>>> print(open('entry-v5.csv').read())   # CSV, N, CA and C atoms
chain,number,residue,atom,x,y,z
Q,1,MET,N,76.9,98.1,101.2
Q,1,MET,CA,77.7,98.5,102.3
Q,1,MET,C,78.8,99.5,101.8
Q,2,GLU,N,79.3,99.2,100.6
Q,2,GLU,CA,80.4,100.1,100.1
Q,2,GLU,C,79.9,101.5,99.9
Q,3,LEU,N,78.7,101.7,99.4
Q,3,LEU,CA,78.1,103.0,99.2
Q,3,LEU,C,78.0,103.8,100.6
Q,4,LEU,N,77.6,103.1,101.6
Q,4,LEU,CA,77.5,103.7,102.9
Q,4,LEU,C,78.9,104.1,103.4
Q,5,ILE,N,79.9,103.3,103.2
Q,5,ILE,CA,81.2,103.6,103.6
Q,5,ILE,C,81.7,104.8,102.9
Q,6,LYS,N,81.5,104.9,101.6
Q,6,LYS,CA,82.0,106.0,100.8
Q,6,LYS,C,81.2,107.3,101.2
Q,7,LYS,N,79.9,107.2,101.5
Q,7,LYS,CA,79.1,108.3,101.9
Q,7,LYS,C,79.7,109.0,103.2
Q,8,TRP,N,80.0,108.1,104.2
Q,8,TRP,CA,80.5,108.6,105.4
Q,8,TRP,C,82.0,109.0,105.3
Q,9,GLN,N,82.8,108.4,104.5
Q,9,GLN,CA,84.1,108.8,104.3
Q,9,GLN,C,84.2,110.2,103.7
Q,10,LEU,N,83.3,110.5,102.8
Q,10,LEU,CA,83.2,111.8,102.2
Q,10,LEU,C,82.8,112.9,103.3
Q,11,ARG,N,81.8,112.5,104.1
Q,11,ARG,CA,81.4,113.5,105.1
Q,11,ARG,C,82.5,113.7,106.2
Q,12,PHE,N,83.3,112.7,106.5
Q,12,PHE,CA,84.3,112.9,107.5
Q,12,PHE,C,85.7,113.4,106.9
Q,13,GLY,N,85.7,113.6,105.6
Q,13,GLY,CA,86.9,114.0,105.0
Q,13,GLY,C,88.1,113.0,105.0
Q,14,ILE,N,87.7,111.8,104.8
Q,14,ILE,CA,88.7,110.7,104.8
Q,14,ILE,C,88.5,109.8,103.5
Q,15,SER,N,88.1,110.5,102.4
Q,15,SER,CA,87.9,109.8,101.2
Q,15,SER,C,89.2,109.2,100.6
Q,16,ASP,N,90.3,109.7,101.1
Q,16,ASP,CA,91.6,109.2,100.6
Q,16,ASP,C,92.0,107.9,101.3
Q,17,TRP,N,91.2,107.4,102.2
Q,17,TRP,CA,91.5,106.2,102.9
Q,17,TRP,C,90.9,105.0,102.1
Q,18,GLN,N,91.5,103.9,102.1
Q,18,GLN,CA,91.0,102.6,101.6
Q,18,GLN,C,90.4,101.8,102.7
Q,19,ILE,N,89.1,101.7,102.7
Q,19,ILE,CA,88.4,101.0,103.8
Q,19,ILE,C,87.8,99.7,103.2
Q,20,LYS,N,88.1,98.6,103.8
Q,20,LYS,CA,87.5,97.3,103.4
Q,20,LYS,C,86.8,96.7,104.6
Q,21,THR,N,86.0,95.7,104.3
Q,21,THR,CA,85.4,95.0,105.4
Q,21,THR,C,85.7,93.5,105.3
Q,22,GLU,N,85.8,92.8,106.5
Q,22,GLU,CA,86.1,91.4,106.5
Q,22,GLU,C,85.2,90.7,107.6
Q,23,ARG,N,84.4,89.8,107.1
Q,23,ARG,CA,83.6,89.0,108.1
Q,23,ARG,C,84.5,88.0,108.7
Q,24,ILE,N,84.4,87.8,110.0
Q,24,ILE,CA,85.2,86.9,110.8
Q,24,ILE,C,84.3,85.9,111.5
Q,25,LEU,N,84.8,84.8,111.9
Q,25,LEU,CA,84.0,83.8,112.6
Q,25,LEU,C,84.1,84.1,114.1
Q,26,PRO,N,83.0,83.8,114.8
Q,26,PRO,CA,83.0,83.9,116.3
Q,26,PRO,C,84.1,83.2,116.9
Q,27,GLU,N,84.5,82.1,116.4
Q,27,GLU,CA,85.6,81.3,117.0
Q,27,GLU,C,86.9,82.1,117.0
Q,28,GLN,N,87.0,83.1,116.1
Q,28,GLN,CA,88.2,83.9,116.0
Q,28,GLN,C,88.3,85.0,117.1
Q,29,ILE,N,87.3,85.2,117.8
Q,29,ILE,CA,87.2,86.3,118.8
Q,29,ILE,C,87.2,85.8,120.2
Q,30,GLU,N,87.8,86.5,121.1
Q,30,GLU,CA,87.8,86.2,122.5
Q,30,GLU,C,86.8,87.3,123.1
Q,31,TYR,N,85.6,86.9,123.3
Q,31,TYR,CA,84.6,87.8,123.8
Q,31,TYR,C,84.8,88.1,125.3
Q,32,SER,N,84.5,89.3,125.8
Q,32,SER,CA,84.6,89.6,127.2
Q,32,SER,C,83.2,90.1,127.6
Q,33,GLY,N,82.2,89.3,127.4
Q,33,GLY,CA,80.8,89.7,127.8
Q,33,GLY,C,80.0,90.2,126.6
Q,34,GLU,N,80.7,90.5,125.5
Q,34,GLU,CA,80.0,91.0,124.3
Q,34,GLU,C,79.3,89.9,123.6
Q,35,THR,N,78.3,90.3,122.8
Q,35,THR,CA,77.5,89.3,122.1
Q,35,THR,C,77.9,89.3,120.6
Q,36,TYR,N,78.6,90.4,120.2
Q,36,TYR,CA,79.1,90.5,118.8
Q,36,TYR,C,80.4,91.3,118.8
Q,37,PHE,N,81.0,91.3,117.6
Q,37,PHE,CA,82.3,92.0,117.4
Q,37,PHE,C,82.3,92.8,116.2
Q,38,VAL,N,82.6,94.1,116.3
Q,38,VAL,CA,82.9,95.0,115.2
Q,38,VAL,C,84.0,95.9,115.6
Q,39,ALA,N,85.1,96.0,114.8
Q,39,ALA,CA,86.2,96.8,115.1
Q,39,ALA,C,87.0,97.1,113.9
Q,40,ILE,N,87.7,98.2,113.9
Q,40,ILE,CA,88.5,98.6,112.7
Q,40,ILE,C,90.0,98.5,113.1
Q,41,GLU,N,90.7,98.0,112.2
Q,41,GLU,CA,92.2,98.0,112.2
Q,41,GLU,C,92.6,99.1,111.3
Q,42,ARG,N,93.5,100.0,111.8
Q,42,ARG,CA,93.8,101.2,111.0
Q,42,ARG,C,95.4,101.3,110.8
Q,43,ASP,N,95.7,101.6,109.6
Q,43,ASP,CA,97.1,101.9,109.3
Q,43,ASP,C,97.2,103.4,108.8
Q,44,PHE,N,97.6,104.3,109.7
Q,44,PHE,CA,97.6,105.7,109.4
Q,44,PHE,C,98.6,106.1,108.3
Q,45,ASP,N,99.7,105.4,108.3
Q,45,ASP,CA,100.7,105.7,107.3
Q,45,ASP,C,100.2,105.4,105.8
Q,46,LYS,N,99.6,104.2,105.7
Q,46,LYS,CA,99.1,103.8,104.4
Q,46,LYS,C,97.7,104.3,104.1
Q,47,LYS,N,97.0,104.9,105.1
Q,47,LYS,CA,95.6,105.3,105.0
Q,47,LYS,C,94.7,104.2,104.6
Q,48,GLU,N,94.9,103.1,105.3
Q,48,GLU,CA,94.1,101.9,105.0
Q,48,GLU,C,93.4,101.4,106.3
Q,49,GLY,N,92.2,100.9,106.2
Q,49,GLY,CA,91.5,100.3,107.3
Q,49,GLY,C,90.7,99.1,107.0
Q,50,THR,N,90.6,98.2,107.9
Q,50,THR,CA,89.7,97.0,107.7
Q,50,THR,C,88.7,96.9,108.9
Q,51,ILE,N,87.5,96.9,108.5
Q,51,ILE,CA,86.4,96.7,109.5
Q,51,ILE,C,86.2,95.2,109.7
Q,52,TYR,N,86.5,94.7,110.8
Q,52,TYR,CA,86.3,93.2,111.1
Q,52,TYR,C,84.9,93.1,111.8
Q,53,HIS,N,84.1,92.1,111.4
Q,53,HIS,CA,82.8,92.0,112.0
Q,53,HIS,C,82.3,90.5,111.9
Q,54,ASP,N,81.6,90.2,113.0
Q,54,ASP,CA,81.0,88.8,113.0
Q,54,ASP,C,79.5,88.9,112.9
Q,55,ILE,N,78.9,90.1,112.7
Q,55,ILE,CA,77.5,90.3,112.4
Q,55,ILE,C,77.4,91.1,111.1
Q,56,ASP,N,76.2,91.2,110.6
Q,56,ASP,CA,76.0,92.0,109.4
Q,56,ASP,C,76.2,93.5,109.8
Q,57,LEU,N,76.9,94.2,109.0
Q,57,LEU,CA,77.2,95.6,109.3
Q,57,LEU,C,76.0,96.5,109.0
Q,58,CYS,N,75.8,97.5,109.8
Q,58,CYS,CA,74.7,98.5,109.6
Q,58,CYS,C,75.4,99.9,109.5
Q,59,GLU,N,74.6,100.9,109.2
Q,59,GLU,CA,75.1,102.2,109.1
Q,59,GLU,C,75.7,102.7,110.5
Q,60,GLU,N,75.1,102.3,111.6
Q,60,GLU,CA,75.6,102.7,112.9
Q,60,GLU,C,77.1,102.2,113.1
Q,61,SER,N,77.3,100.9,112.7
Q,61,SER,CA,78.6,100.4,112.9
Q,61,SER,C,79.6,101.0,112.0
Q,62,ILE,N,79.2,101.3,110.8
Q,62,ILE,CA,80.1,102.0,109.8
Q,62,ILE,C,80.5,103.4,110.3
Q,63,VAL,N,79.5,104.2,110.7
Q,63,VAL,CA,79.8,105.5,111.3
Q,63,VAL,C,80.7,105.4,112.5
Q,64,HIS,N,80.4,104.5,113.4
Q,64,HIS,CA,81.2,104.4,114.6
Q,64,HIS,C,82.7,104.1,114.2
Q,65,GLU,N,82.9,103.1,113.4
Q,65,GLU,CA,84.3,102.7,113.1
Q,65,GLU,C,85.0,103.8,112.3
Q,66,LEU,N,84.3,104.5,111.4
Q,66,LEU,CA,85.0,105.5,110.6
Q,66,LEU,C,85.3,106.7,111.5
Q,67,LEU,N,84.5,106.9,112.6
Q,67,LEU,CA,84.8,108.0,113.5
Q,67,LEU,C,86.2,107.7,114.2
Q,68,HIS,N,86.5,106.4,114.4
Q,68,HIS,CA,87.8,106.0,115.0
Q,68,HIS,C,88.9,106.4,114.1
Q,69,VAL,N,88.6,106.3,112.8
Q,69,VAL,CA,89.7,106.8,111.8
Q,69,VAL,C,89.8,108.3,111.8
Q,70,ARG,N,88.7,109.0,111.8
Q,70,ARG,CA,88.7,110.4,111.7
Q,70,ARG,C,89.2,111.1,113.0
Q,71,ASN,N,88.9,110.5,114.1
Q,71,ASN,CA,89.2,111.0,115.4
Q,71,ASN,C,90.0,110.0,116.3
Q,72,PRO,N,91.2,109.6,116.0
Q,72,PRO,CA,91.9,108.6,116.7
Q,72,PRO,C,92.2,108.9,118.2
Q,73,GLU,N,92.2,110.2,118.5
Q,73,GLU,CA,92.5,110.6,119.8
Q,73,GLU,C,91.3,110.6,120.8
Q,74,LYS,N,90.1,110.3,120.2
Q,74,LYS,CA,88.9,110.3,121.0
Q,74,LYS,C,88.6,108.9,121.6
Q,75,ASP,N,88.0,108.9,122.8
Q,75,ASP,CA,87.8,107.6,123.5
Q,75,ASP,C,86.4,107.1,123.0
Q,76,GLU,N,86.2,105.9,123.5
Q,76,GLU,CA,85.0,105.1,123.1
Q,76,GLU,C,83.7,105.8,123.4
Q,77,ASP,N,83.7,106.4,124.6
Q,77,ASP,CA,82.5,107.2,125.0
Q,77,ASP,C,82.1,108.3,124.1
Q,78,TRP,N,83.2,109.1,123.7
Q,78,TRP,CA,83.0,110.1,122.7
Q,78,TRP,C,82.5,109.6,121.4
Q,79,VAL,N,83.1,108.5,120.9
Q,79,VAL,CA,82.7,108.0,119.6
Q,79,VAL,C,81.3,107.5,119.7
Q,80,ASN,N,80.9,106.9,120.7
Q,80,ASN,CA,79.5,106.4,120.9
Q,80,ASN,C,78.5,107.6,120.9
Q,81,MET,N,78.8,108.7,121.6
Q,81,MET,CA,78.0,109.9,121.7
Q,81,MET,C,77.9,110.5,120.3
Q,82,LYS,N,79.0,110.7,119.6
Q,82,LYS,CA,79.0,111.3,118.3
Q,82,LYS,C,78.3,110.5,117.3
Q,83,THR,N,78.4,109.2,117.3
Q,83,THR,CA,77.7,108.3,116.4
Q,83,THR,C,76.2,108.5,116.6
Q,84,ASN,N,75.8,108.5,117.8
Q,84,ASN,CA,74.3,108.7,118.1
Q,84,ASN,C,73.9,110.1,117.6
Q,85,GLN,N,74.6,111.1,117.8
Q,85,GLN,CA,74.3,112.4,117.3
Q,85,GLN,C,74.2,112.5,115.8
Q,86,LEU,N,75.1,112.0,115.1
Q,86,LEU,CA,75.2,112.0,113.7
Q,86,LEU,C,74.0,111.2,113.1
Q,87,LEU,N,73.7,110.1,113.6
Q,87,LEU,CA,72.6,109.3,113.1
Q,87,LEU,C,71.3,109.9,113.4
Q,88,LYS,N,71.1,110.5,114.5
Q,88,LYS,CA,69.9,111.2,114.8
Q,88,LYS,C,69.6,112.3,113.8
Q,89,LEU,N,70.7,113.1,113.5
Q,89,LEU,CA,70.5,114.1,112.5
Q,89,LEU,C,70.2,113.6,111.2
Q,90,GLU,N,70.9,112.5,110.8
Q,90,GLU,CA,70.7,111.8,109.5
Q,90,GLU,C,69.3,111.4,109.3
Q,91,TYR,N,68.7,110.8,110.3
Q,91,TYR,CA,67.3,110.3,110.2
Q,91,TYR,C,66.3,111.3,110.4
Q,92,GLU,N,66.6,112.5,110.9
Q,92,GLU,CA,65.7,113.6,111.0
Q,92,GLU,C,65.5,114.3,109.7
Q,93,LYS,N,66.4,114.1,108.7
Q,93,LYS,CA,66.3,114.8,107.4
Q,93,LYS,C,65.0,114.4,106.7
>>> encode(input="entry-v5.csv", output="structure tokens")
Amino acid sequence: MELLIKKWQLRFGISDWQIKTERILPEQIEYSGETYFVAIERDFDKKEGTIYHDIDLCEESIVHELLHVRNPEKDEDWVNMKTNQLLKLEYEK
């Protein structure tokens, strides 16, 4: 997972960020119709982020959460669209 995070950090120009992951228990989450939880907590001053997850992380989740770091002003719809575009290009190589 660490290699995927580093790969996408480099591509997004956020290699100076410290990104870690932390698995959490479903009991720690208040779900609103979702079946899983993946989200990033960001500290822009310290350039640190933690991806919290209750499922195994995949490349799609990493790209999605790192896009929230790179583009904090963008909404969820944009992040979803951009994630799909980037992964489509990645897999076409």
>>> select_by_dssp(input="entry-v5.csv", residues="chain Q", states="alpha helix (DSSP H)", output="PyMOL selection string")
chain Q and resi 2-12+59-70+76-92
>>> write_last_selection(input="entry-v5.csv", atoms="N, CA and C atoms", output="short mmCIF file (atom, residue, chain, number, x, y, z; two decimals), in the frame of the given file")
data_model
loop_
_atom_site.label_atom_id
_atom_site.label_comp_id
_atom_site.auth_asym_id
_atom_site.auth_seq_id
_atom_site.Cartn_x
_atom_site.Cartn_y
_atom_site.Cartn_z
N GLU Q 2 79.30 99.20 100.60
CA GLU Q 2 80.40 100.10 100.10
C GLU Q 2 79.90 101.50 99.90
N LEU Q 3 78.70 101.70 99.40
CA LEU Q 3 78.10 103.00 99.20
C LEU Q 3 78.00 103.80 100.60
N LEU Q 4 77.60 103.10 101.60
CA LEU Q 4 77.50 103.70 102.90
C LEU Q 4 78.90 104.10 103.40
N ILE Q 5 79.90 103.30 103.20
CA ILE Q 5 81.20 103.60 103.60
C ILE Q 5 81.70 104.80 102.90
N LYS Q 6 81.50 104.90 101.60
CA LYS Q 6 82.00 106.00 100.80
C LYS Q 6 81.20 107.30 101.20
N LYS Q 7 79.90 107.20 101.50
CA LYS Q 7 79.10 108.30 101.90
C LYS Q 7 79.70 109.00 103.20
N TRP Q 8 80.00 108.10 104.20
CA TRP Q 8 80.50 108.60 105.40
C TRP Q 8 82.00 109.00 105.30
N GLN Q 9 82.80 108.40 104.50
CA GLN Q 9 84.10 108.80 104.30
C GLN Q 9 84.20 110.20 103.70
N LEU Q 10 83.30 110.50 102.80
CA LEU Q 10 83.20 111.80 102.20
C LEU Q 10 82.80 112.90 103.30
N ARG Q 11 81.80 112.50 104.10
CA ARG Q 11 81.40 113.50 105.10
C ARG Q 11 82.50 113.70 106.20
N PHE Q 12 83.30 112.70 106.50
CA PHE Q 12 84.30 112.90 107.50
C PHE Q 12 85.70 113.40 106.90
N GLU Q 59 74.60 100.90 109.20
CA GLU Q 59 75.10 102.20 109.10
C GLU Q 59 75.70 102.70 110.50
N GLU Q 60 75.10 102.30 111.60
CA GLU Q 60 75.60 102.70 112.90
C GLU Q 60 77.10 102.20 113.10
N SER Q 61 77.30 100.90 112.70
CA SER Q 61 78.60 100.40 112.90
C SER Q 61 79.60 101.00 112.00
N ILE Q 62 79.20 101.30 110.80
CA ILE Q 62 80.10 102.00 109.80
C ILE Q 62 80.50 103.40 110.30
N VAL Q 63 79.50 104.20 110.70
CA VAL Q 63 79.80 105.50 111.30
C VAL Q 63 80.70 105.40 112.50
N HIS Q 64 80.40 104.50 113.40
CA HIS Q 64 81.20 104.40 114.60
C HIS Q 64 82.70 104.10 114.20
N GLU Q 65 82.90 103.10 113.40
CA GLU Q 65 84.30 102.70 113.10
C GLU Q 65 85.00 103.80 112.30
N LEU Q 66 84.30 104.50 111.40
CA LEU Q 66 85.00 105.50 110.60
C LEU Q 66 85.30 106.70 111.50
N LEU Q 67 84.50 106.90 112.60
CA LEU Q 67 84.80 108.00 113.50
C LEU Q 67 86.20 107.70 114.20
N HIS Q 68 86.50 106.40 114.40
CA HIS Q 68 87.80 106.00 115.00
C HIS Q 68 88.90 106.40 114.10
N VAL Q 69 88.60 106.30 112.80
CA VAL Q 69 89.70 106.80 111.80
C VAL Q 69 89.80 108.30 111.80
N ARG Q 70 88.70 109.00 111.80
CA ARG Q 70 88.70 110.40 111.70
C ARG Q 70 89.20 111.10 113.00
N GLU Q 76 86.20 105.90 123.50
CA GLU Q 76 85.00 105.10 123.10
C GLU Q 76 83.70 105.80 123.40
N ASP Q 77 83.70 106.40 124.60
CA ASP Q 77 82.50 107.20 125.00
C ASP Q 77 82.10 108.30 124.10
N TRP Q 78 83.20 109.10 123.70
CA TRP Q 78 83.00 110.10 122.70
C TRP Q 78 82.50 109.60 121.40
N VAL Q 79 83.10 108.50 120.90
CA VAL Q 79 82.70 108.00 119.60
C VAL Q 79 81.30 107.50 119.70
N ASN Q 80 80.90 106.90 120.70
CA ASN Q 80 79.50 106.40 120.90
C ASN Q 80 78.50 107.60 120.90
N MET Q 81 78.80 108.70 121.60
CA MET Q 81 78.00 109.90 121.70
C MET Q 81 77.90 110.50 120.30
N LYS Q 82 79.00 110.70 119.60
CA LYS Q 82 79.00 111.30 118.30
C LYS Q 82 78.30 110.50 117.30
N THR Q 83 78.40 109.20 117.30
CA THR Q 83 77.70 108.30 116.40
C THR Q 83 76.20 108.50 116.60
N ASN Q 84 75.80 108.50 117.80
CA ASN Q 84 74.30 108.70 118.10
C ASN Q 84 73.90 110.10 117.60
N GLN Q 85 74.60 111.10 117.80
CA GLN Q 85 74.30 112.40 117.30
C GLN Q 85 74.20 112.50 115.80
N LEU Q 86 75.10 112.00 115.10
CA LEU Q 86 75.20 112.00 113.70
C LEU Q 86 74.00 111.20 113.10
N LEU Q 87 73.70 110.10 113.60
CA LEU Q 87 72.60 109.30 113.10
C LEU Q 87 71.30 109.90 113.40
N LYS Q 88 71.10 110.50 114.50
CA LYS Q 88 69.90 111.20 114.80
C LYS Q 88 69.60 112.30 113.80
N LEU Q 89 70.70 113.10 113.50
CA LEU Q 89 70.50 114.10 112.50
C LEU Q 89 70.20 113.60 111.20
N GLU Q 90 70.90 112.50 110.80
CA GLU Q 90 70.70 111.80 109.50
C GLU Q 90 69.30 111.40 109.30
N TYR Q 91 68.70 110.80 110.30
CA TYR Q 91 67.30 110.30 110.20
C TYR Q 91 66.30 111.30 110.40
N GLU Q 92 66.60 112.50 110.90
CA GLU Q 92 65.70 113.60 111.00
C GLU Q 92 65.50 114.30 109.70
#
>>> atom_distance(input="entry-v5.csv", atom1="atom N of Glu59 (chain Q)", atom2="CA of Ile5 (chain Q)")
9.1 Å
>>> select_by_dssp(input="entry-v5.csv", residues="region 21-88 of chain Q", states="strand (DSSP E or B)", output="list in words")
Thr21, Glu22, Arg23, Val38, Ala39, Ile40, Glu41, Arg42, Asp43, Glu48, Gly49, Thr50, Ile51, Tyr52 and His53 of chain Q
>>> write_last_selection(input="entry-v5.csv", atoms="N, CA and C atoms", output="JSON list (two decimals), keeping the file's coordinate frame")
[["chain", "number", "residue", "atom", "x", "y", "z"],
["Q", 21, "THR", "N", 86.00, 95.70, 104.30],
["Q", 21, "THR", "CA", 85.40, 95.00, 105.40],
["Q", 21, "THR", "C", 85.70, 93.50, 105.30],
["Q", 22, "GLU", "N", 85.80, 92.80, 106.50],
["Q", 22, "GLU", "CA", 86.10, 91.40, 106.50],
["Q", 22, "GLU", "C", 85.20, 90.70, 107.60],
["Q", 23, "ARG", "N", 84.40, 89.80, 107.10],
["Q", 23, "ARG", "CA", 83.60, 89.00, 108.10],
["Q", 23, "ARG", "C", 84.50, 88.00, 108.70],
["Q", 38, "VAL", "N", 82.60, 94.10, 116.30],
["Q", 38, "VAL", "CA", 82.90, 95.00, 115.20],
["Q", 38, "VAL", "C", 84.00, 95.90, 115.60],
["Q", 39, "ALA", "N", 85.10, 96.00, 114.80],
["Q", 39, "ALA", "CA", 86.20, 96.80, 115.10],
["Q", 39, "ALA", "C", 87.00, 97.10, 113.90],
["Q", 40, "ILE", "N", 87.70, 98.20, 113.90],
["Q", 40, "ILE", "CA", 88.50, 98.60, 112.70],
["Q", 40, "ILE", "C", 90.00, 98.50, 113.10],
["Q", 41, "GLU", "N", 90.70, 98.00, 112.20],
["Q", 41, "GLU", "CA", 92.20, 98.00, 112.20],
["Q", 41, "GLU", "C", 92.60, 99.10, 111.30],
["Q", 42, "ARG", "N", 93.50, 100.00, 111.80],
["Q", 42, "ARG", "CA", 93.80, 101.20, 111.00],
["Q", 42, "ARG", "C", 95.40, 101.30, 110.80],
["Q", 43, "ASP", "N", 95.70, 101.60, 109.60],
["Q", 43, "ASP", "CA", 97.10, 101.90, 109.30],
["Q", 43, "ASP", "C", 97.20, 103.40, 108.80],
["Q", 48, "GLU", "N", 94.90, 103.10, 105.30],
["Q", 48, "GLU", "CA", 94.10, 101.90, 105.00],
["Q", 48, "GLU", "C", 93.40, 101.40, 106.30],
["Q", 49, "GLY", "N", 92.20, 100.90, 106.20],
["Q", 49, "GLY", "CA", 91.50, 100.30, 107.30],
["Q", 49, "GLY", "C", 90.70, 99.10, 107.00],
["Q", 50, "THR", "N", 90.60, 98.20, 107.90],
["Q", 50, "THR", "CA", 89.70, 97.00, 107.70],
["Q", 50, "THR", "C", 88.70, 96.90, 108.90],
["Q", 51, "ILE", "N", 87.50, 96.90, 108.50],
["Q", 51, "ILE", "CA", 86.40, 96.70, 109.50],
["Q", 51, "ILE", "C", 86.20, 95.20, 109.70],
["Q", 52, "TYR", "N", 86.50, 94.70, 110.80],
["Q", 52, "TYR", "CA", 86.30, 93.20, 111.10],
["Q", 52, "TYR", "C", 84.90, 93.10, 111.80],
["Q", 53, "HIS", "N", 84.10, 92.10, 111.40],
["Q", 53, "HIS", "CA", 82.80, 92.00, 112.00],
["Q", 53, "HIS", "C", 82.30, 90.50, 111.90]]
>>> closest_residue(input="entry-v5.csv", among="Q:Asp54, Q:Glu90, Q:Asp75, Q:Asp43", to="Trp17 (chain Q)", atoms="only C-alpha atoms")
Q:Asp43
>>> atom_distance(input="entry-v5.csv", atom1="CA of Lys20 (chain Q)", atom2="CA of Glu48 (chain Q)")
8.2 Å
>>> residues_around(input="entry-v5.csv", residues="Cys58 (chain Q)", least_positions_apart="5", cutoff="10 Å", atoms="only C-alpha atoms", output="list in words")
Met1, Leu4 and Val63 of chain Q
>>> write_last_selection(input="entry-v5.csv", atoms="N, CA and C atoms", output="CSV table (one decimal), in the coordinates of the input")
chain,number,residue,atom,x,y,z
Q,1,MET,N,76.9,98.1,101.2
Q,1,MET,CA,77.7,98.5,102.3
Q,1,MET,C,78.8,99.5,101.8
Q,4,LEU,N,77.6,103.1,101.6
Q,4,LEU,CA,77.5,103.7,102.9
Q,4,LEU,C,78.9,104.1,103.4
Q,63,VAL,N,79.5,104.2,110.7
Q,63,VAL,CA,79.8,105.5,111.3
Q,63,VAL,C,80.7,105.4,112.5
>>> residues_near_point(input="entry-v5.csv", point="(74.6, 105.0, 111.7)", cutoff="8 Å", atoms="all atoms listed in the file", output="list in words")
Cys58, Glu59, Glu60, Ser61, Ile62, Val63, His64, Thr83, Asn84, Leu86, Leu87 and Lys88 of chain Q
>>> closest_residue(input="entry-v5.csv", among="Q:Ile29, Q:Ile55, Q:Ile19, Q:Ile24", to="Lys6 (chain Q)", atoms="only C-alpha atoms")
Q:Ile19
>>> closest_residue(input="entry-v5.csv", among="Q:Asn71, Q:Trp8, Q:Trp78, Q:Glu92", to="Phe44 (chain Q)", atoms="only C-alpha atoms")
Q:Asn71
>>> atom_distance(input="entry-v5.csv", atom1="CA of Gln85 (chain Q)", atom2="CA of Ser32 (chain Q)")
26.9 Å
>>> closest_residue(input="entry-v5.csv", among="Q:Lys82, Q:Lys47, Q:Lys74, Q:His53", to="Gln18 (chain Q)", atoms="only N, CA and C atoms")
Q:Lys47
>>> closest_residue(input="entry-v5.csv", among="Q:Glu2, Q:Phe12, Q:Glu22, Q:Gly33", to="Leu67 (chain Q)", atoms="only N, CA and C atoms")
Q:Phe12
>>> closest_residue(input="entry-v5.csv", among="Q:Tyr91, Q:Arg23, Q:His68, Q:Tyr52", to="Phe37 (chain Q)", atoms="all atoms listed in the file")
Q:Tyr52
>>> residues_near_point(input="entry-v5.csv", point="(90.7, 99.0, 116.7)", cutoff="9 Å", atoms="only C-alpha atoms", output="VMD selection string")
chain Q and resid 38 to 42 51 65 68
>>> decode(input="entry-v5.csv", residues="region 72-83 of chain Q", atoms="N, CA, C and O atoms", output="PDB file, in the first residue's frame")
ATOM      1  N   PRO Q  72      -8.454  20.325  -2.490  1.00  0.00           N
ATOM      2  CA  PRO Q  72      -9.410  20.448  -1.379  1.00  0.00           C
ATOM      3  C   PRO Q  72     -10.653  21.260  -1.710  1.00  0.00           C
ATOM      4  O   PRO Q  72     -11.678  21.116  -1.046  1.00  0.00           O
ATOM      5  N   GLU Q  73     -10.561  22.070  -2.745  1.00  0.00           N
ATOM      6  CA  GLU Q  73     -11.701  22.922  -3.105  1.00  0.00           C
ATOM      7  C   GLU Q  73     -12.738  22.196  -3.951  1.00  0.00           C
ATOM      8  O   GLU Q  73     -13.846  22.693  -4.159  1.00  0.00           O
ATOM      9  N   LYS Q  74     -12.403  21.005  -4.442  1.00  0.00           N
ATOM     10  CA  LYS Q  74     -13.303  20.263  -5.332  1.00  0.00           C
ATOM     11  C   LYS Q  74     -14.295  19.424  -4.530  1.00  0.00           C
ATOM     12  O   LYS Q  74     -13.985  18.940  -3.439  1.00  0.00           O
ATOM     13  N   ASP Q  75     -15.490  19.254  -5.102  1.00  0.00           N
ATOM     14  CA  ASP Q  75     -16.530  18.479  -4.407  1.00  0.00           C
ATOM     15  C   ASP Q  75     -16.394  16.982  -4.709  1.00  0.00           C
ATOM     16  O   ASP Q  75     -15.572  16.564  -5.526  1.00  0.00           O
ATOM     17  N   GLU Q  76     -17.201  16.206  -4.033  1.00  0.00           N
ATOM     18  CA  GLU Q  76     -17.134  14.744  -4.130  1.00  0.00           C
ATOM     19  C   GLU Q  76     -17.403  14.244  -5.553  1.00  0.00           C
ATOM     20  O   GLU Q  76     -16.761  13.295  -6.015  1.00  0.00           O
ATOM     21  N   ASP Q  77     -18.329  14.882  -6.249  1.00  0.00           N
ATOM     22  CA  ASP Q  77     -18.625  14.471  -7.625  1.00  0.00           C
ATOM     23  C   ASP Q  77     -17.403  14.637  -8.524  1.00  0.00           C
ATOM     24  O   ASP Q  77     -17.092  13.773  -9.335  1.00  0.00           O
ATOM     25  N   TRP Q  78     -16.708  15.753  -8.379  1.00  0.00           N
ATOM     26  CA  TRP Q  78     -15.511  15.987  -9.179  1.00  0.00           C
ATOM     27  C   TRP Q  78     -14.435  14.963  -8.847  1.00  0.00           C
ATOM     28  O   TRP Q  78     -13.785  14.411  -9.746  1.00  0.00           O
ATOM     29  N   VAL Q  79     -14.232  14.712  -7.550  1.00  0.00           N
ATOM     30  CA  VAL Q  79     -13.212  13.740  -7.124  1.00  0.00           C
ATOM     31  C   VAL Q  79     -13.540  12.353  -7.677  1.00  0.00           C
ATOM     32  O   VAL Q  79     -12.653  11.648  -8.162  1.00  0.00           O
ATOM     33  N   ASN Q  80     -14.799  11.954  -7.631  1.00  0.00           N
ATOM     34  CA  ASN Q  80     -15.198  10.654  -8.185  1.00  0.00           C
ATOM     35  C   ASN Q  80     -14.914  10.590  -9.689  1.00  0.00           C
ATOM     36  O   ASN Q  80     -14.368   9.594 -10.181  1.00  0.00           O
ATOM     37  N   MET Q  81     -15.279  11.649 -10.414  1.00  0.00           N
ATOM     38  CA  MET Q  81     -15.062  11.692 -11.857  1.00  0.00           C
ATOM     39  C   MET Q  81     -13.570  11.623 -12.186  1.00  0.00           C
ATOM     40  O   MET Q  81     -13.138  10.845 -13.032  1.00  0.00           O
ATOM     41  N   LYS Q  82     -12.767  12.414 -11.482  1.00  0.00           N
ATOM     42  CA  LYS Q  82     -11.325  12.470 -11.737  1.00  0.00           C
ATOM     43  C   LYS Q  82     -10.663  11.136 -11.383  1.00  0.00           C
ATOM     44  O   LYS Q  82      -9.775  10.677 -12.105  1.00  0.00           O
ATOM     45  N   THR Q  83     -11.092  10.515 -10.305  1.00  0.00           N
ATOM     46  CA  THR Q  83     -10.556   9.203  -9.924  1.00  0.00           C
ATOM     47  C   THR Q  83     -10.789   8.211 -11.050  1.00  0.00           C
ATOM     48  O   THR Q  83      -9.865   7.488 -11.461  1.00  0.00           O
TER      49      THR Q  83
END
